[in-house]
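Colleague: Next up is a structure, given as structure tokens.
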Amino acid sequence: MVVSSPPSHLMELPRKILIGDRVIAEAGPLVKSLDMAAKSVAIITGSIVKERAGLSCNSSLEGAMLKTRWHVVRDASMDTVNNLYEKIKDDKPDFVIGFGGGRSVDVAKMTAYRLSKPFLSVPTSASHDGISSPFVSVRGIDKPHSIKANTPIGVLADTHLLSQAPPRLLAGGCGDLVAKITAVKDWELARDERGEYFGTYAANLAYMSAKIILEESEKLKNDERLGVRTVVEALISAGVASCIAGSSRPCSGAEHLFSHAVEYVAGAECGLHGERVGIGTIMMAKLHGLDWENVRHTLENMGAPTTAKQIGLGEDSIVQALVKAQSLRPDRYTILSKIKMDKKKARDLASITKVI
Ligand SMILES: [Zn+2]
């Protein structure tokens, strides 16, 4: 039998990842170590983060002889990216920093991609794995799921800043982490039933990020510092898994399709990304025959929602989202391609898993 070799793909990884207490003071030296020739930096941030930590970040950058220009963004839409691109392109910055929550990092990543400039990710909340991956969620594009930009050349995670973020964001990060158990199962399914390329190393790396939360949530819930550090490291490592896979496959399966469908059905205001994904993981774990009760228990331990009501979703919206999910990305084979949802099956699934 002739075995064909898997298709080639490019692995683009972050070069330096700095994690620690108050490492924001190292931002300048880190940029210089990543790009010796850099002279000017565009920092894309949110207003609260700028007020809270802008000064220490700025003095570190200026201390490294970098000219800084700050840009405050309010949302992660394609309009914001376009406006920012128009504003920044004449400045010709050598380097772009995304400093803040998911929105700032996403807009900065997309802007850096359009400017073809290196990008440093400086997350101030551990809420999803986009902090180290090339994937971006922006509104106003024709795709309901994330799109690919460039991988951050570096990541700076200041655990002091991260621990000051609202606890809800960290809990959301746990939702995005437990998701990797169903995402990896979906990938295995696509390999077995569709002959899709499967990267064992990337799959194991993503799976480990979920496993640490599923196994350690009792310990993590009682130790805030350890919790923040563990979750941010696991999110970075999950993002790196998708860099290695060359696609979001190891990190995003049917539970992410469900989350996108909730946005489609009820609007993006219904819960955070990680909260929706966590609830989706409970249900997809049940379909995969995994221990969905442990997923639920872990999310509860970490303070993440496990029911539709907790994210302001009605029963009918959950049912609609489950029925809709797979059609948003038909090319991504998942458990929902195999077990096709109708209204009855969807309602039964949500009710057995206590989501409704
Ligand atoms: Zn995600």
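In the structure tokens, chains take letters A, B, ... by order of appearance, with residues numbered from 1 within each chain and ligands from 1 in the order shown.
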Name the residues, by chain letter and number, that sit within 7 Å of ligand 1 using only C-alpha atoms and all ligand atoms, and give them as number ranges by chain.
Modeller: A: 128-129, 176, 251-252, 256, 273-274, 277
Colleague: What would the file look like if the residues just selected were written as a PDB file, in the first residue's frame with C-alpha atoms?
Modeller:
ATOM      1  CA  HIS A 128      -8.578  32.824  25.623  1.00  0.00           C
ATOM      2  CA  ASP A 129      -5.778  31.146  23.679  1.00  0.00           C
ATOM      3  CA  ASP A 176     -11.346  27.864  26.436  1.00  0.00           C
ATOM      4  CA  CYS A 251      -7.932  24.058  19.904  1.00  0.00           C
ATOM      5  CA  SER A 252     -11.263  24.443  18.197  1.00  0.00           C
ATOM      6  CA  HIS A 256     -16.306  26.452  19.232  1.00  0.00           C
ATOM      7  CA  HIS A 273     -15.982  33.499  24.289  1.00  0.00           C
ATOM      8  CA  GLY A 274     -14.598  31.098  26.911  1.00  0.00           C
ATOM      9  CA  VAL A 277     -17.124  27.462  24.650  1.00  0.00           C
TER      10      VAL A 277
END
Colleague: Please identify all polymer residues within 10 Å of Glu255 of chain A, counting only C-alpha atoms, omitting same-chain residues fewer than 5 positions from it, and present them as a ChimeraX atom specification.
Modeller: /A:176,179-183,186,260-261,276-285,322,325,334-336
Colleague: Let's have the selection written as a PDB file, in the first residue's frame, with C-alpha atoms.
Modeller:
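Below is the file selection-v8.pdb, written as the result:
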ATOM      1  CA  ASP A 176     -11.346  27.864  26.436  1.00  0.00           C
ATOM      2  CA  ALA A 179     -12.501  22.855  25.178  1.00  0.00           C
ATOM      3  CA  LYS A 180      -9.289  21.210  23.987  1.00  0.00           C
ATOM      4  CA  ILE A 181     -10.500  17.747  25.074  1.00  0.00           C
ATOM      5  CA  THR A 182     -13.420  17.862  22.642  1.00  0.00           C
ATOM      6  CA  ALA A 183     -11.447  19.756  19.974  1.00  0.00           C
ATOM      7  CA  ASP A 186     -13.059  16.029  16.853  1.00  0.00           C
ATOM      8  CA  HIS A 260     -20.086  30.910  17.097  1.00  0.00           C
ATOM      9  CA  ALA A 261     -23.666  29.724  16.595  1.00  0.00           C
ATOM     10  CA  ARG A 276     -19.844  29.883  25.672  1.00  0.00           C
ATOM     11  CA  VAL A 277     -17.124  27.462  24.650  1.00  0.00           C
ATOM     12  CA  GLY A 278     -17.051  25.919  28.155  1.00  0.00           C
ATOM     13  CA  ILE A 279     -20.798  25.246  28.040  1.00  0.00           C
ATOM     14  CA  GLY A 280     -20.380  23.852  24.525  1.00  0.00           C
ATOM     15  CA  THR A 281     -17.634  21.534  25.817  1.00  0.00           C
ATOM     16  CA  ILE A 282     -19.964  20.012  28.435  1.00  0.00           C
ATOM     17  CA  MET A 283     -22.427  19.045  25.679  1.00  0.00           C
ATOM     18  CA  MET A 284     -19.854  17.911  23.090  1.00  0.00           C
ATOM     19  CA  ALA A 285     -18.079  15.830  25.774  1.00  0.00           C
ATOM     20  CA  LEU A 322     -26.892  23.413  18.505  1.00  0.00           C
ATOM     21  CA  ALA A 325     -23.485  25.081  14.670  1.00  0.00           C
ATOM     22  CA  THR A 334     -16.698  17.320  14.090  1.00  0.00           C
ATOM     23  CA  ILE A 335     -18.952  15.172  16.221  1.00  0.00           C
ATOM     24  CA  LEU A 336     -21.821  17.367  14.989  1.00  0.00           C
TER      25      LEU A 336
END
Colleague: If you run DSSP on the backbone here, which positions in segment 85-253 of chain A get alpha helix (DSSP H)? Please write them as an MDAnalysis selection string.
Modeller: chainID A and resid 85:89 102:115 159:163 167:194 200:221 224:245
Colleague: Select, from A:Leu13, A:Ile43, A:Leu177, A:Val184, the residue with the minimum atom-to-atom distance to Phe198 of chain A, counting only C-alpha atoms.
Modeller: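 Once distances to Phe198 of chain A are computed over only C-alpha atoms, the minimum belongs to A:Val184.
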Colleague: Could you pull out the strand (DSSP E or B) residues of segment 81-249 of chain A, going by DSSP on the backbone, and write them as an MDAnalysis selection string?
Modeller: chainID A and resid 95:100 119:123 135:136 139 147:148 154:158
Colleague: Determine, for each residue of segment 20-86 of chain A having at least one atom at most 10 Å from an atom of segment 91-96 of chain A, the closest pair of atoms and their separation in Å to one decimal, counting only C-alpha atoms; order by chain and ascending number, as JSON lines.
Modeller:
{"residue": "A:Val31", "atom": "CA", "partner": "A:Phe95", "partner_atom": "CA", "distance": 8.1}
{"residue": "A:Lys32", "atom": "CA", "partner": "A:Phe95", "partner_atom": "CA", "distance": 9.9}
{"residue": "A:Leu34", "atom": "CA", "partner": "A:Phe95", "partner_atom": "CA", "distance": 9.8}
{"residue": "A:Asp35", "atom": "CA", "partner": "A:Phe95", "partner_atom": "CA", "distance": 8.2}
{"residue": "A:Ala37", "atom": "CA", "partner": "A:Asp94", "partner_atom": "CA", "distance": 8.2}
{"residue": "A:Ala38", "atom": "CA", "partner": "A:Asp94", "partner_atom": "CA", "distance": 5.3}
{"residue": "A:Lys39", "atom": "CA", "partner": "A:Asp94", "partner_atom": "CA", "distance": 6.4}
{"residue": "A:Ser40", "atom": "CA", "partner": "A:Pro93", "partner_atom": "CA", "distance": 5.1}
{"residue": "A:Val41", "atom": "CA", "partner": "A:Phe95", "partner_atom": "CA", "distance": 4.8}
{"residue": "A:Ala42", "atom": "CA", "partner": "A:Val96", "partner_atom": "CA", "distance": 4.9}
{"residue": "A:Ile43", "atom": "CA", "partner": "A:Val96", "partner_atom": "CA", "distance": 6.0}
{"residue": "A:Ile44", "atom": "CA", "partner": "A:Val96", "partner_atom": "CA", "distance": 7.5}
{"residue": "A:Leu66", "atom": "CA", "partner": "A:Asp94", "partner_atom": "CA", "distance": 9.8}
{"residue": "A:Lys67", "atom": "CA", "partner": "A:Pro93", "partner_atom": "CA", "distance": 8.9}
{"residue": "A:Thr68", "atom": "CA", "partner": "A:Pro93", "partner_atom": "CA", "distance": 8.8}
{"residue": "A:Arg69", "atom": "CA", "partner": "A:Pro93", "partner_atom": "CA", "distance": 8.7}
{"residue": "A:Glu86", "atom": "CA", "partner": "A:Asp91", "partner_atom": "CA", "distance": 9.8}
Colleague: Would you mind listing what lies within 8 Å of Leu120 of chain A as a PyMOL selection string, with only C-alpha atoms counted and same-chain residues fewer than 3 positions away left out?
Modeller: chain A and resi 31+95-98+152-156
Colleague: Please, what distance in Å, to one decimal, runs between atom CA of Asn301 of chain A and atom CA of Ala171 of chain A?
Modeller: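 About the pair atom CA of Asn301 of chain A and atom CA of Ala171 of chain A: they are 9.2 Å apart.
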Colleague: Do you have the atom CA of Ala190 of chain A-atom CA of Gly102 of chain A distance handy?
Modeller: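 Calculated distance between atom CA of Ala190 of chain A and atom CA of Gly102 of chain A is 29.2 Å.
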Colleague: Which residue is closest to Phe99 of chain A? Choose from A:His145, A:His288, A:Lys50, A:Arg194 and count only C-alpha atoms.
Modeller: A:Lys50
Colleague: Smallest atom-to-atom distance to Asp192 of chain A: which of A:Ala64, A:Leu349, A:Pro7, A:Lys338, using only C-alpha atoms?
Modeller: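 Of A:Ala64, A:Leu349, A:Pro7, A:Lys338, the one nearest Asp192 of chain A is A:Lys338, counting only C-alpha atoms.
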Colleague: Which is closer to Gly20 of chain A than all the others in A:Glu300, A:Glu51, A:Ala203, A:Ser163, using only C-alpha atoms?
Modeller: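 Smallest distance to Gly20 of chain A is found for A:Ser163.
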Colleague: Measure the distance from atom CA of Gly140 of chain A to atom CA of Asp79 of chain A in Å and round it to one decimal.
Modeller: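 Between atom CA of Gly140 of chain A and atom CA of Asp79 of chain A the gap works out to 7.3 Å.
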Colleague: Between A:Arg114, A:Gly271, A:Gly303, A:Tyr197, which one has atoms that come closest to Pro167 of chain A, using only C-alpha atoms?
Modeller: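 Of the candidates, the smallest distance to Pro167 of chain A is held by A:Gly303.
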Colleague: Can you work out which one of A:Leu170, A:Gly130, A:Ser351, A:Gln310 has the shortest atom-to-atom distance to Thr230 of chain A, counting only C-alpha atoms?
Modeller: A:Leu170
Colleague: Contacts of Ala112 of chain A at 9 Å or less, counting only C-alpha atoms, minus same-chain residues fewer than 5 places along, as a PDB file with C-alpha atoms, in the first residue's frame?
Modeller:
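Result saved to selection.pdb:
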ATOM      1  CA  TYR A  85      -4.526  50.901   9.818  1.00  0.00           C
ATOM      2  CA  PHE A  95       6.848  47.149  15.854  1.00  0.00           C
ATOM      3  CA  VAL A  96       3.281  46.658  17.116  1.00  0.00           C
ATOM      4  CA  ILE A  97       2.223  45.778  20.672  1.00  0.00           C
ATOM      5  CA  VAL A 107      -7.060  44.264  16.790  1.00  0.00           C
ATOM      6  CA  LYS A 117       5.289  44.349  11.194  1.00  0.00           C
ATOM      7  CA  PRO A 118       6.356  42.122  14.102  1.00  0.00           C
ATOM      8  CA  PHE A 119       3.845  41.870  16.910  1.00  0.00           C
ATOM      9  CA  ALA A 149      -3.078  36.489  10.797  1.00  0.00           C
ATOM     10  CA  ASN A 150       0.575  36.239  11.915  1.00  0.00           C
TER      11      ASN A 150
END
